[in-house]
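**Student:** Let me give you the structure first, and then I'll get to my questions.
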Amino acid sequence: MDKSILSEFIMCGIFGIVSSELPENKAIKDALDTIRHRGPDDEGFLFVNPVNSILEMASGADTCSEFKDTHKDVSDVDTSNFHIVLGNRRLAIIDLSPKGHQPMCYADGYLWITYNGEIFNYKELRTELKSMGYRFHSDTDTEVILSAYTEWGEECVKRFNGQWAFCIYDGRRKRLFCSRDRFGIKPFYYWFDGKHFAFASEIKALLKLPFVKTEINKPLISDFVIFSRHHTRESLYKGIYQLLPSHNLTIDLKKINIHTSRYYELYYNDELGRYNHNQALEYADDVRDLLIDAVKIRLVSDVPVGSCLSGGLDSSSIVVIINKFLKEGGIASENIGEEQKTFTASYDDPSVDEKIHADEIIRNTDVKGFFVYPTAEKLWRELDSVLYHHDGAFHATNTYAGWNVMRLASGHVKVVLNGQGGDELFGGYCLQYEPIYVADMLKRMRFKDLNKYLIKKSRLYNIRVPLRAFLMGHYFTLIPDSLKIFLYKQRNKDLFGYVKLLLNDGCFNNESFKRMKESIKSLNYRLWSDLTSNYLPQLLLYDDRNSAAFSIESRVPFTDYRLVEYVNRIPSIYKLHNGWSKWLLRLAMRDLLPDKILWRRDKIGFSTPEETWIKHKDSPISSLMNRYGIKDYSHLVWRLYLAEKLINT
């Protein structure tokens, strides 16, 4: 088949403005240039006057030759004639031809889209739409989105299985329609002050615009310091918001007002349930089938595909499933190449190094394993660059490990699969989830089940687990940093005074305390909460920024909504069992993973030798600790340092 008519998936940077007075060309060009790393292969602009329906496409320095020769350079466009501009930076993954150029038009030029993402079920949707009379000029998923919008309107997003952030200009209805995927894999930030609306894949693009005021959002920074949260609707900058996962946003171009609405709700089963092993095996077999298909549809690519490999259950499951495809032959082997490639971070600290586990997977699958070795010296040398790509903050140094893994991968592949979402879906963070699970059994007076669980756990780890000590010790870990800051108040008044001075009294967000309290009411509720708002959106944000920094597309099979919905319907007694975390995933992978990985008892959780790095001679944080007499390091100190850096920038 001719490559020019193959499907097109893209990891891109998107950008746009709606205003009665567009800024000058340079500001528009500079804004899109700040996210060039998201799509270095092509760029495009569309200028629109919705009053008289005048359109003008423009090119930039990286625009493909076919369009650069026919379109005016963006620097030469008279922006005073227009009220809308859409911009796009393209990373070509499939169909490397100009047919994937964006912004892309449809319906005789009445619809235009700037789009970042992949619709993995686009072929099925395309077939359905063709049966309804739709005709396609390409085989791109971008065109499928536009035709789906034509047929189903805003409801079209409910039919998509994928990861996306896009904006459609609808010339007939005089509006913009924007959408973000169910779990927030792709980013969408926006600014609206009543006069100007602007959106972009990253905050740094919006900060280039003259009407965007750069003021630090101190209440959210306090959330970041205490709760490690900065992935809410608000951002670290006042007036810049995120379109939340599972939400659409529409802009009425006649009135210049915006409206957001939720299009998707994830159901969860709040039952504890009664354990039955035959039922558990049925659940596990379904999980296996769903995960295999989730991986399979994320392997479609015309460029090399690799995998992040930590050695844990999640990433290892993805690697062995891909290996299964390779052994069986078929389309997966064509997409991956002659050998599967994996990418792993390793350290000289055995307490956090998982190389031995990654090596176990490599030996069992004959993949080609690549390793990178982050160090304290490299962290402090590169920190400003990493923070630039993350728009100023990330919760711990393991994000820097992910940065290194993506940089390593970029030398070999253009697409990676990784295991984000597995812990939040199946219950992988034992210290966080076990006390909630145990408390739920107590609340429901399931003393026999509770006693059995504690006995099994004691035998599994060869330790005695008294219930009182278990609960007291574990409940502290549910809200570690929010408690630690108050402990610091008692132990070190200078530090607490510094926190108050830095963030100002009265700026702490009571809503965060409320969410924290609600999240411990049952295990399945906590898993649902971590998937939809507490934790996973933050991890997906870090993953997006790390991969985008090196022009890599990251795909996350554990966020396939079919798998997520199925697992969330299962009673919580099947999530943790006999002292084991991720019981269903272990059962599902029982004949694919080697036993040394399948039945690992330790959970390192993509950690780094953070305390050693922070206390390194090159570390600016060590001086902060010395200044306030802090001897024991915690993540709080790292976040406090970044907060100080943000506020003083």
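Chain labels follow the order of the structure tokens: the first chain is A, the next B, and so on; residue numbering restarts at 1 in every chain, and ligands are counted from 1 in their shown order.
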Can you pull out the residues contacting Ile570 of chain A? Cut-off 12 Å, using only C-alpha atoms, and skip same-chain residues under 4 positions away; I want them as a PDB file with N, CA and C atoms, in the first residue's frame.
**Tutor:**
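Produced file part-v6.pdb, reproduced below:
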```
ATOM      1  N   TYR A 267     -17.778   4.876  36.378  1.00  0.00           N
ATOM      2  CA  TYR A 267     -18.505   4.224  37.470  1.00  0.00           C
ATOM      3  C   TYR A 267     -17.530   3.371  38.281  1.00  0.00           C
ATOM      4  N   TYR A 268     -17.763   3.281  39.589  1.00  0.00           N
ATOM      5  CA  TYR A 268     -17.001   2.349  40.408  1.00  0.00           C
ATOM      6  C   TYR A 268     -17.948   1.580  41.324  1.00  0.00           C
ATOM      7  N   ASN A 269     -17.593   0.346  41.629  1.00  0.00           N
ATOM      8  CA  ASN A 269     -18.366  -0.528  42.508  1.00  0.00           C
ATOM      9  C   ASN A 269     -17.824  -0.381  43.921  1.00  0.00           C
ATOM     10  N   ASP A 270     -18.642   0.102  44.831  1.00  0.00           N
ATOM     11  CA  ASP A 270     -18.174   0.365  46.198  1.00  0.00           C
ATOM     12  C   ASP A 270     -18.312  -0.852  47.110  1.00  0.00           C
ATOM     13  N   GLU A 271     -18.675  -1.995  46.535  1.00  0.00           N
ATOM     14  CA  GLU A 271     -18.826  -3.196  47.355  1.00  0.00           C
ATOM     15  C   GLU A 271     -17.465  -3.765  47.741  1.00  0.00           C
ATOM     16  N   LEU A 272     -17.412  -4.340  48.940  1.00  0.00           N
ATOM     17  CA  LEU A 272     -16.235  -5.109  49.325  1.00  0.00           C
ATOM     18  C   LEU A 272     -16.278  -6.483  48.667  1.00  0.00           C
ATOM     19  N   GLY A 273     -17.435  -7.131  48.686  1.00  0.00           N
ATOM     20  CA  GLY A 273     -17.608  -8.417  48.027  1.00  0.00           C
ATOM     21  C   GLY A 273     -17.158  -9.585  48.871  1.00  0.00           C
ATOM     22  N   ARG A 274     -17.432 -10.789  48.363  1.00  0.00           N
ATOM     23  CA  ARG A 274     -16.999 -12.048  48.989  1.00  0.00           C
ATOM     24  C   ARG A 274     -16.087 -12.767  48.003  1.00  0.00           C
ATOM     25  N   TYR A 275     -14.902 -13.111  48.472  1.00  0.00           N
ATOM     26  CA  TYR A 275     -13.920 -13.678  47.549  1.00  0.00           C
ATOM     27  C   TYR A 275     -14.291 -15.097  47.133  1.00  0.00           C
ATOM     28  N   GLN A 279     -14.304 -17.180  40.545  1.00  0.00           N
ATOM     29  CA  GLN A 279     -14.724 -15.877  40.026  1.00  0.00           C
ATOM     30  C   GLN A 279     -13.511 -14.995  39.766  1.00  0.00           C
ATOM     31  N   ALA A 280     -12.521 -15.053  40.658  1.00  0.00           N
ATOM     32  CA  ALA A 280     -11.300 -14.268  40.470  1.00  0.00           C
ATOM     33  C   ALA A 280     -10.603 -14.644  39.165  1.00  0.00           C
ATOM     34  N   GLU A 282     -12.036 -15.880  36.492  1.00  0.00           N
ATOM     35  CA  GLU A 282     -12.842 -15.349  35.385  1.00  0.00           C
ATOM     36  C   GLU A 282     -12.547 -13.869  35.171  1.00  0.00           C
ATOM     37  N   TYR A 283     -12.527 -13.121  36.274  1.00  0.00           N
ATOM     38  CA  TYR A 283     -12.176 -11.704  36.169  1.00  0.00           C
ATOM     39  C   TYR A 283     -10.792 -11.539  35.532  1.00  0.00           C
ATOM     40  N   ALA A 284      -9.833 -12.340  36.003  1.00  0.00           N
ATOM     41  CA  ALA A 284      -8.452 -12.214  35.528  1.00  0.00           C
ATOM     42  C   ALA A 284      -8.341 -12.523  34.038  1.00  0.00           C
ATOM     43  N   ASP A 286     -10.638 -12.091  31.785  1.00  0.00           N
ATOM     44  CA  ASP A 286     -11.190 -10.938  31.064  1.00  0.00           C
ATOM     45  C   ASP A 286     -10.198  -9.775  31.060  1.00  0.00           C
ATOM     46  N   VAL A 287      -9.553  -9.547  32.214  1.00  0.00           N
ATOM     47  CA  VAL A 287      -8.545  -8.497  32.307  1.00  0.00           C
ATOM     48  C   VAL A 287      -7.421  -8.754  31.320  1.00  0.00           C
ATOM     49  N   LEU A 425      -5.168   1.458  38.961  1.00  0.00           N
ATOM     50  CA  LEU A 425      -6.256   0.601  38.505  1.00  0.00           C
ATOM     51  C   LEU A 425      -6.389  -0.656  39.359  1.00  0.00           C
ATOM     52  N   PHE A 426      -5.257  -1.298  39.687  1.00  0.00           N
ATOM     53  CA  PHE A 426      -5.287  -2.603  40.346  1.00  0.00           C
ATOM     54  C   PHE A 426      -4.925  -2.564  41.831  1.00  0.00           C
ATOM     55  N   LEU A 523     -11.728   1.249  49.553  1.00  0.00           N
ATOM     56  CA  LEU A 523     -10.634   1.000  48.620  1.00  0.00           C
ATOM     57  C   LEU A 523     -11.024   1.364  47.191  1.00  0.00           C
ATOM     58  N   ASN A 524     -12.170   0.883  46.733  1.00  0.00           N
ATOM     59  CA  ASN A 524     -12.547   1.154  45.341  1.00  0.00           C
ATOM     60  C   ASN A 524     -12.791   2.640  45.099  1.00  0.00           C
ATOM     61  N   TYR A 525     -13.296   3.322  46.128  1.00  0.00           N
ATOM     62  CA  TYR A 525     -13.452   4.774  45.966  1.00  0.00           C
ATOM     63  C   TYR A 525     -12.091   5.435  45.827  1.00  0.00           C
ATOM     64  N   LEU A 527      -9.299   4.095  44.697  1.00  0.00           N
ATOM     65  CA  LEU A 527      -8.752   3.772  43.374  1.00  0.00           C
ATOM     66  C   LEU A 527      -9.408   4.630  42.302  1.00  0.00           C
ATOM     67  N   TRP A 528     -10.718   4.755  42.378  1.00  0.00           N
ATOM     68  CA  TRP A 528     -11.448   5.606  41.430  1.00  0.00           C
ATOM     69  C   TRP A 528     -10.966   7.051  41.520  1.00  0.00           C
ATOM     70  N   LEU A 563     -10.825  -1.348  29.654  1.00  0.00           N
ATOM     71  CA  LEU A 563     -10.161  -2.037  30.769  1.00  0.00           C
ATOM     72  C   LEU A 563     -10.467  -1.343  32.084  1.00  0.00           C
ATOM     73  N   VAL A 564     -10.380  -0.025  32.096  1.00  0.00           N
ATOM     74  CA  VAL A 564     -10.618   0.736  33.325  1.00  0.00           C
ATOM     75  C   VAL A 564     -12.043   0.532  33.821  1.00  0.00           C
ATOM     76  N   GLU A 565     -13.004   0.592  32.921  1.00  0.00           N
ATOM     77  CA  GLU A 565     -14.400   0.406  33.322  1.00  0.00           C
ATOM     78  C   GLU A 565     -14.631  -0.995  33.881  1.00  0.00           C
ATOM     79  N   TYR A 566     -14.047  -1.990  33.240  1.00  0.00           N
ATOM     80  CA  TYR A 566     -14.254  -3.369  33.687  1.00  0.00           C
ATOM     81  C   TYR A 566     -13.693  -3.574  35.093  1.00  0.00           C
ATOM     82  N   TYR A 574     -11.204  -8.376  45.505  1.00  0.00           N
ATOM     83  CA  TYR A 574     -10.389  -9.033  44.483  1.00  0.00           C
ATOM     84  C   TYR A 574      -9.152  -8.211  44.105  1.00  0.00           C
ATOM     85  N   LYS A 575      -9.019  -7.020  44.649  1.00  0.00           N
ATOM     86  CA  LYS A 575      -7.881  -6.164  44.290  1.00  0.00           C
ATOM     87  C   LYS A 575      -6.653  -6.486  45.156  1.00  0.00           C
ATOM     88  N   LEU A 576      -6.868  -6.613  46.482  1.00  0.00           N
ATOM     89  CA  LEU A 576      -5.811  -7.033  47.407  1.00  0.00           C
ATOM     90  C   LEU A 576      -6.245  -8.370  47.991  1.00  0.00           C
ATOM     91  N   LEU A 584      -5.496  -9.182  40.848  1.00  0.00           N
ATOM     92  CA  LEU A 584      -6.108  -9.513  39.559  1.00  0.00           C
ATOM     93  C   LEU A 584      -5.094  -9.470  38.424  1.00  0.00           C
TER      94      LEU A 584
END
```
**Student:** Please provide the set of residues having any atom within 10 Å of segment 70-75 of chain A, restricted to only C-alpha atoms, with same-chain residues fewer than 4 positions apart removed, written as a list in words.
**Tutor:** Glu24, Asn25, Lys26, Ile28, Lys29, Gly44, Phe45, Leu46, Phe47, Glu56, Met57, Ala58, Ser59, Gly60, Ala61, Thr63, Ser65, Glu66 and Thr79 of chain A
**Student:** Could those residues be written to a file, using N, CA and C atoms, as a CSV table (one decimal), in the first residue's frame?
**Tutor:**
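Printed below is selection23.csv as written:
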```csv
chain,number,residue,atom,x,y,z
A,24,GLU,N,0.3,40.6,17.5
A,24,GLU,CA,1.2,40.7,16.3
A,24,GLU,C,1.7,39.4,15.9
A,25,ASN,N,2.2,39.2,14.7
A,25,ASN,CA,2.6,38.0,14.1
A,25,ASN,C,3.7,37.4,15.0
A,26,LYS,N,4.7,38.2,15.5
A,26,LYS,CA,5.8,37.7,16.2
A,26,LYS,C,5.3,36.9,17.5
A,28,ILE,N,2.5,35.4,18.0
A,28,ILE,CA,1.8,34.2,17.5
A,28,ILE,C,2.9,33.2,17.2
A,29,LYS,N,3.9,33.6,16.4
A,29,LYS,CA,4.9,32.7,16.0
A,29,LYS,C,5.8,32.2,17.2
A,44,GLY,N,1.9,24.6,11.0
A,44,GLY,CA,0.9,25.2,10.1
A,44,GLY,C,0.0,26.2,11.0
A,45,PHE,N,-0.5,27.2,10.2
A,45,PHE,CA,-1.4,28.2,10.9
A,45,PHE,C,-2.6,28.4,10.0
A,46,LEU,N,-3.7,28.7,10.7
A,46,LEU,CA,-5.0,29.1,10.0
A,46,LEU,C,-5.5,30.4,10.7
A,47,PHE,N,-5.7,31.4,9.9
A,47,PHE,CA,-6.3,32.6,10.3
A,47,PHE,C,-7.8,32.7,9.8
A,56,GLU,N,-7.3,32.2,5.9
A,56,GLU,CA,-6.0,32.3,5.3
A,56,GLU,C,-5.1,31.3,6.0
A,57,MET,N,-4.5,30.3,5.2
A,57,MET,CA,-3.5,29.4,5.8
A,57,MET,C,-2.1,30.0,5.6
A,58,ALA,N,-1.3,29.7,6.6
A,58,ALA,CA,0.0,30.3,6.6
A,58,ALA,C,1.1,29.3,7.0
A,59,SER,N,2.3,29.5,6.6
A,59,SER,CA,3.4,28.6,6.9
A,59,SER,C,4.4,29.2,7.9
A,60,GLY,N,5.3,28.3,8.3
A,60,GLY,CA,6.4,28.7,9.2
A,60,GLY,C,7.7,28.1,8.7
A,61,ALA,N,8.7,28.2,9.5
A,61,ALA,CA,10.0,27.7,9.1
A,61,ALA,C,10.1,26.2,8.9
A,63,THR,N,7.4,24.3,8.0
A,63,THR,CA,6.3,23.8,7.2
A,63,THR,C,6.8,23.0,6.0
A,65,SER,N,7.4,21.4,2.4
A,65,SER,CA,7.6,22.2,1.2
A,65,SER,C,6.3,22.3,0.4
A,66,GLU,N,5.5,21.3,0.4
A,66,GLU,CA,4.3,21.4,-0.4
A,66,GLU,C,3.4,22.5,0.0
A,79,THR,N,-2.6,40.4,10.7
A,79,THR,CA,-3.5,39.8,11.7
A,79,THR,C,-4.7,40.7,12.0
```
**Student:** One decimal, in Å: what's the spacing between atom CA of Lys186 of chain A and atom CA of Ser246 of chain A?
**Tutor:**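 It comes out at 11.2 Å.
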**Student:** Determine which residues of segment 94-292 of chain A DSSP labels as helix (DSSP H, G or I) from the backbone of this structure, then write them out as a PDB file with C-alpha atoms, in the first residue's frame.
**Tutor:**
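Once everything was written out, this is part-v3.pdb:
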```
ATOM      1  CA  PRO A  98       1.753  16.090   3.658  1.00  0.00           C
ATOM      2  CA  LYS A  99      -1.757  14.605   3.959  1.00  0.00           C
ATOM      3  CA  GLY A 100      -1.333  14.843   7.710  1.00  0.00           C
ATOM      4  CA  TYR A 122     -10.553   5.128  14.082  1.00  0.00           C
ATOM      5  CA  LYS A 123     -10.679   2.297  11.508  1.00  0.00           C
ATOM      6  CA  GLU A 124     -13.912   0.920  12.954  1.00  0.00           C
ATOM      7  CA  LEU A 125     -15.408   4.414  13.101  1.00  0.00           C
ATOM      8  CA  ARG A 126     -14.275   5.095   9.535  1.00  0.00           C
ATOM      9  CA  THR A 127     -15.998   1.940   8.310  1.00  0.00           C
ATOM     10  CA  GLU A 128     -19.206   2.898  10.130  1.00  0.00           C
ATOM     11  CA  LEU A 129     -19.159   6.423   8.726  1.00  0.00           C
ATOM     12  CA  LYS A 130     -18.478   5.175   5.188  1.00  0.00           C
ATOM     13  CA  SER A 131     -21.573   2.955   5.459  1.00  0.00           C
ATOM     14  CA  ASP A 141      -7.738   9.511  12.190  1.00  0.00           C
ATOM     15  CA  THR A 142      -7.842  13.321  12.061  1.00  0.00           C
ATOM     16  CA  GLU A 143     -10.340  13.187   9.209  1.00  0.00           C
ATOM     17  CA  VAL A 144     -12.354  10.577  11.127  1.00  0.00           C
ATOM     18  CA  ILE A 145     -12.688  13.017  14.046  1.00  0.00           C
ATOM     19  CA  LEU A 146     -14.007  15.708  11.703  1.00  0.00           C
ATOM     20  CA  SER A 147     -16.504  13.385  10.002  1.00  0.00           C
ATOM     21  CA  ALA A 148     -17.595  11.971  13.375  1.00  0.00           C
ATOM     22  CA  TYR A 149     -18.207  15.522  14.599  1.00  0.00           C
ATOM     23  CA  THR A 150     -20.225  16.220  11.456  1.00  0.00           C
ATOM     24  CA  GLU A 151     -22.432  13.185  12.116  1.00  0.00           C
ATOM     25  CA  TRP A 152     -22.745  13.113  15.901  1.00  0.00           C
ATOM     26  CA  GLY A 153     -21.790  16.599  17.011  1.00  0.00           C
ATOM     27  CA  GLU A 154     -20.307  16.894  20.495  1.00  0.00           C
ATOM     28  CA  GLU A 155     -21.404  13.334  21.263  1.00  0.00           C
ATOM     29  CA  CYS A 156     -18.702  12.045  18.908  1.00  0.00           C
ATOM     30  CA  VAL A 157     -16.071  11.983  21.663  1.00  0.00           C
ATOM     31  CA  LYS A 158     -18.007   9.296  23.527  1.00  0.00           C
ATOM     32  CA  ARG A 159     -17.234   6.950  20.637  1.00  0.00           C
ATOM     33  CA  ILE A 203       1.586  26.848  29.633  1.00  0.00           C
ATOM     34  CA  LYS A 204       4.814  28.320  28.241  1.00  0.00           C
ATOM     35  CA  ALA A 205       3.098  29.003  24.908  1.00  0.00           C
ATOM     36  CA  LEU A 206       0.378  31.056  26.604  1.00  0.00           C
ATOM     37  CA  LYS A 218      -0.064  30.804  45.581  1.00  0.00           C
ATOM     38  CA  PRO A 219      -3.037  28.743  46.826  1.00  0.00           C
ATOM     39  CA  LEU A 220      -2.230  26.073  44.248  1.00  0.00           C
ATOM     40  CA  ILE A 221       1.446  26.230  45.119  1.00  0.00           C
ATOM     41  CA  SER A 222       0.461  25.517  48.731  1.00  0.00           C
ATOM     42  CA  ASP A 223      -1.443  22.483  47.444  1.00  0.00           C
ATOM     43  CA  PHE A 224       1.658  21.453  45.561  1.00  0.00           C
ATOM     44  CA  VAL A 225       3.915  21.815  48.613  1.00  0.00           C
ATOM     45  CA  ILE A 226       1.636  20.070  51.100  1.00  0.00           C
ATOM     46  CA  PHE A 227      -0.387  17.620  49.002  1.00  0.00           C
ATOM     47  CA  HIS A 277     -11.312 -17.978  43.488  1.00  0.00           C
ATOM     48  CA  ASN A 278     -13.131 -19.285  40.413  1.00  0.00           C
ATOM     49  CA  GLN A 279     -14.724 -15.877  40.026  1.00  0.00           C
ATOM     50  CA  ALA A 280     -11.300 -14.268  40.470  1.00  0.00           C
ATOM     51  CA  LEU A 281      -9.928 -16.392  37.618  1.00  0.00           C
ATOM     52  CA  GLU A 282     -12.842 -15.349  35.385  1.00  0.00           C
ATOM     53  CA  TYR A 283     -12.176 -11.704  36.169  1.00  0.00           C
ATOM     54  CA  ALA A 284      -8.452 -12.214  35.528  1.00  0.00           C
ATOM     55  CA  ASP A 285      -9.018 -13.859  32.146  1.00  0.00           C
ATOM     56  CA  ASP A 286     -11.190 -10.938  31.064  1.00  0.00           C
ATOM     57  CA  VAL A 287      -8.545  -8.497  32.307  1.00  0.00           C
ATOM     58  CA  ARG A 288      -5.911 -10.354  30.314  1.00  0.00           C
ATOM     59  CA  ASP A 289      -7.955 -10.185  27.092  1.00  0.00           C
ATOM     60  CA  LEU A 290      -8.708  -6.495  27.550  1.00  0.00           C
ATOM     61  CA  LEU A 291      -5.086  -5.626  28.323  1.00  0.00           C
ATOM     62  CA  ILE A 292      -3.785  -7.619  25.351  1.00  0.00           C
TER      63      ILE A 292
END
```
**Student:** Just the residues within 10 Å of His196 of chain A, please, counting only C-alpha atoms, with nothing from its chain fewer than 3 positions along; format it as a list in words.
**Tutor:** Ile17, Val18, Ser19, Ser20, Glu21, Leu22, His83, Trp191, Phe192, Asp193, Phe211, Val212, Ile256 and Asn257 of chain A
**Student:** Residues within 7 Å of Asp62 of chain A, please, as a list in words. Count only C-alpha atoms; anything in the same chain fewer than 3 positions from it doesn't count.
**Tutor:**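 Residues near the query, excluding close chain neighbours: Asp41, Asp42 and Glu43 of chain A.
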**Student:** Filtering to N, CA and C atoms, could you give me those residues as a compact mmCIF listing (two decimals), in the first residue's frame?
**Tutor:**
```txt
# COMPACT_ATOMS: atom_id res chain seq x y z
N ASP A 41 8.30 18.08 13.00
CA ASP A 41 8.25 17.62 11.61
C ASP A 41 7.48 18.54 10.68
N ASP A 42 6.60 19.38 11.21
CA ASP A 42 5.77 20.23 10.35
C ASP A 42 5.10 21.28 11.24
N GLU A 43 4.72 22.40 10.65
CA GLU A 43 3.92 23.40 11.37
C GLU A 43 2.95 24.07 10.42
```
**Student:** So that I can see what lies close to segment 631-647 of chain A, please list as number ranges by chain the residues with an atom at most 8 Å from it, counting only C-alpha atoms and leaving out residues fewer than 6 positions away in the same chain.
**Tutor:** A: 216, 221, 224-226, 228, 392-396, 481, 485, 499, 502, 611, 614, 621, 624-625
**Student:** Counting only C-alpha atoms, what is within 7 Å of segment 162-179 of chain A, bar same-chain residues fewer than 2 positions away, as an MDAnalysis selection string?
**Tutor:** chainID A and resid 50 110:120 160 181 185:188 247:254
**Student:** For the selection you just gave me, I'd like the residues written to a file as a CSV table (one decimal), in the first residue's frame, keeping C-alpha atoms.
**Tutor:**
```csv
chain,number,residue,atom,x,y,z
A,50,PRO,CA,-15.8,34.4,11.3
A,110,TYR,CA,-16.4,24.9,7.1
A,111,LEU,CA,-14.6,22.7,9.6
A,112,TRP,CA,-11.0,23.0,10.7
A,113,ILE,CA,-9.1,21.1,13.4
A,114,THR,CA,-5.8,21.4,15.3
A,115,TYR,CA,-5.3,18.0,17.1
A,116,ASN,CA,-2.9,16.2,19.3
A,117,GLY,CA,-3.4,12.5,19.9
A,118,GLU,CA,-4.5,9.2,18.6
A,119,ILE,CA,-8.0,7.6,18.1
A,120,PHE,CA,-7.1,3.9,18.3
A,160,PHE,CA,-13.5,7.5,20.7
A,181,ASP,CA,-9.6,12.6,26.6
A,185,ILE,CA,-3.3,11.9,28.7
A,186,LYS,CA,-3.0,14.8,26.4
A,187,PRO,CA,-2.8,18.4,27.8
A,188,PHE,CA,-5.1,21.4,27.1
A,247,HIS,CA,-14.6,17.4,29.5
A,248,ASN,CA,-15.5,19.4,26.4
A,249,LEU,CA,-15.3,23.2,26.0
A,250,THR,CA,-17.3,25.3,23.5
A,251,ILE,CA,-16.8,28.9,22.6
A,252,ASP,CA,-19.7,30.9,21.1
A,253,LEU,CA,-17.9,33.2,18.7
A,254,LYS,CA,-20.8,35.6,18.5
```
**Student:** When distances are computed from only C-alpha atoms, which of A:Phe558, A:Tyr433, A:Phe370, A:Tyr628 shows the smallest separation from Ser572 of chain A?
**Tutor:**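 Checking each candidate against Ser572 of chain A, we get A:Tyr433 as the closest.
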**Student:** Can you list, as a ChimeraX atom specification, every residue of segment 121-241 of chain A that DSSP puts in strand (DSSP E or B)?
**Tutor:** /A:162-170,175-180,189-192,196-200,216,234,237,240-241
**Student:** Could you write those residues out with C-alpha atoms, as a JSON list (two decimals), in the first residue's frame?
**Tutor:**
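So result_37.json came out as:
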```json
[["chain", "number", "residue", "atom", "x", "y", "z"],
["A", 162, "GLY", "CA", -7.78, 7.01, 22.51],
["A", 163, "GLN", "CA", -5.90, 9.98, 23.86],
["A", 164, "TRP", "CA", -6.61, 13.44, 22.52],
["A", 165, "ALA", "CA", -6.77, 17.18, 22.90],
["A", 166, "PHE", "CA", -8.21, 19.10, 19.97],
["A", 167, "CYS", "CA", -10.00, 22.25, 18.86],
["A", 168, "ILE", "CA", -12.45, 22.31, 15.95],
["A", 169, "TYR", "CA", -13.48, 25.57, 14.27],
["A", 170, "ASP", "CA", -17.10, 25.17, 13.15],
["A", 175, "ARG", "CA", -18.14, 28.29, 17.43],
["A", 176, "LEU", "CA", -15.07, 26.40, 18.57],
["A", 177, "PHE", "CA", -15.46, 22.90, 19.98],
["A", 178, "CYS", "CA", -12.59, 21.62, 22.14],
["A", 179, "SER", "CA", -12.19, 18.29, 23.91],
["A", 180, "ARG", "CA", -9.78, 16.37, 26.13],
["A", 189, "TYR", "CA", -4.44, 24.69, 28.87],
["A", 190, "TYR", "CA", -6.43, 27.85, 28.28],
["A", 191, "TRP", "CA", -6.74, 31.53, 29.21],
["A", 192, "PHE", "CA", -9.99, 33.51, 29.14],
["A", 196, "HIS", "CA", -9.24, 37.07, 24.85],
["A", 197, "PHE", "CA", -9.42, 33.28, 24.72],
["A", 198, "ALA", "CA", -6.24, 31.29, 24.06],
["A", 199, "PHE", "CA", -5.32, 27.63, 24.37],
["A", 200, "ALA", "CA", -2.15, 25.56, 24.05],
["A", 216, "ILE", "CA", 1.87, 32.94, 40.50],
["A", 234, "GLU", "CA", -6.23, 25.57, 38.03],
["A", 237, "TYR", "CA", -0.35, 30.61, 37.12],
["A", 240, "ILE", "CA", -4.47, 29.80, 33.23],
["A", 241, "TYR", "CA", -6.65, 26.71, 33.53]]
```
**Student:** Can you pull out the residues contacting Arg586 of chain A? Cut-off 8 Å, using only C-alpha atoms, and skip same-chain residues under 3 positions away; I want them as a list in words.
**Tutor:**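 Counting only C-alpha atoms, the residues come to Leu313, Lys582, Trp583, Met589, Arg590, Leu598 and Trp599 of chain A.
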**Student:** Taking into account only C-alpha atoms, which residue in the set A:Arg569, A:Arg89, A:His357, A:Lys296 is nearest to Cys64 of chain A?
**Tutor:**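 Among the listed residues, the smallest separation from Cys64 of chain A belongs to A:Arg89.
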**Student:** Restricting the calculation to only C-alpha atoms, which member of A:Arg36, A:Arg459, A:Lys521, A:Arg363 is positioned closest to Trp580 of chain A?
**Tutor:**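 Using only C-alpha atoms, the shortest distance to Trp580 of chain A belongs to A:Arg459.
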**Student:** Between A:Val405, A:Leu450, A:Val386, A:Val438, single out the one closest to Arg545 of chain A, counting only C-alpha atoms.
**Tutor:** A:Val386
**Student:** Quick check, in Å to one decimal: how far apart do atom CA of Leu408 of chain A and atom CA of Glu360 of chain A lie?
**Tutor:**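 Going from atom CA of Leu408 of chain A over to atom CA of Glu360 of chain A, I get 20.2 Å.
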**Student:** With distances taken over only C-alpha atoms, which of A:Glu265, A:Thr649, A:Ile573, A:His390 is nearest to Arg446 of chain A?
**Tutor:**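 Ranked by minimum distance to Arg446 of chain A, first place goes to A:Ile573.
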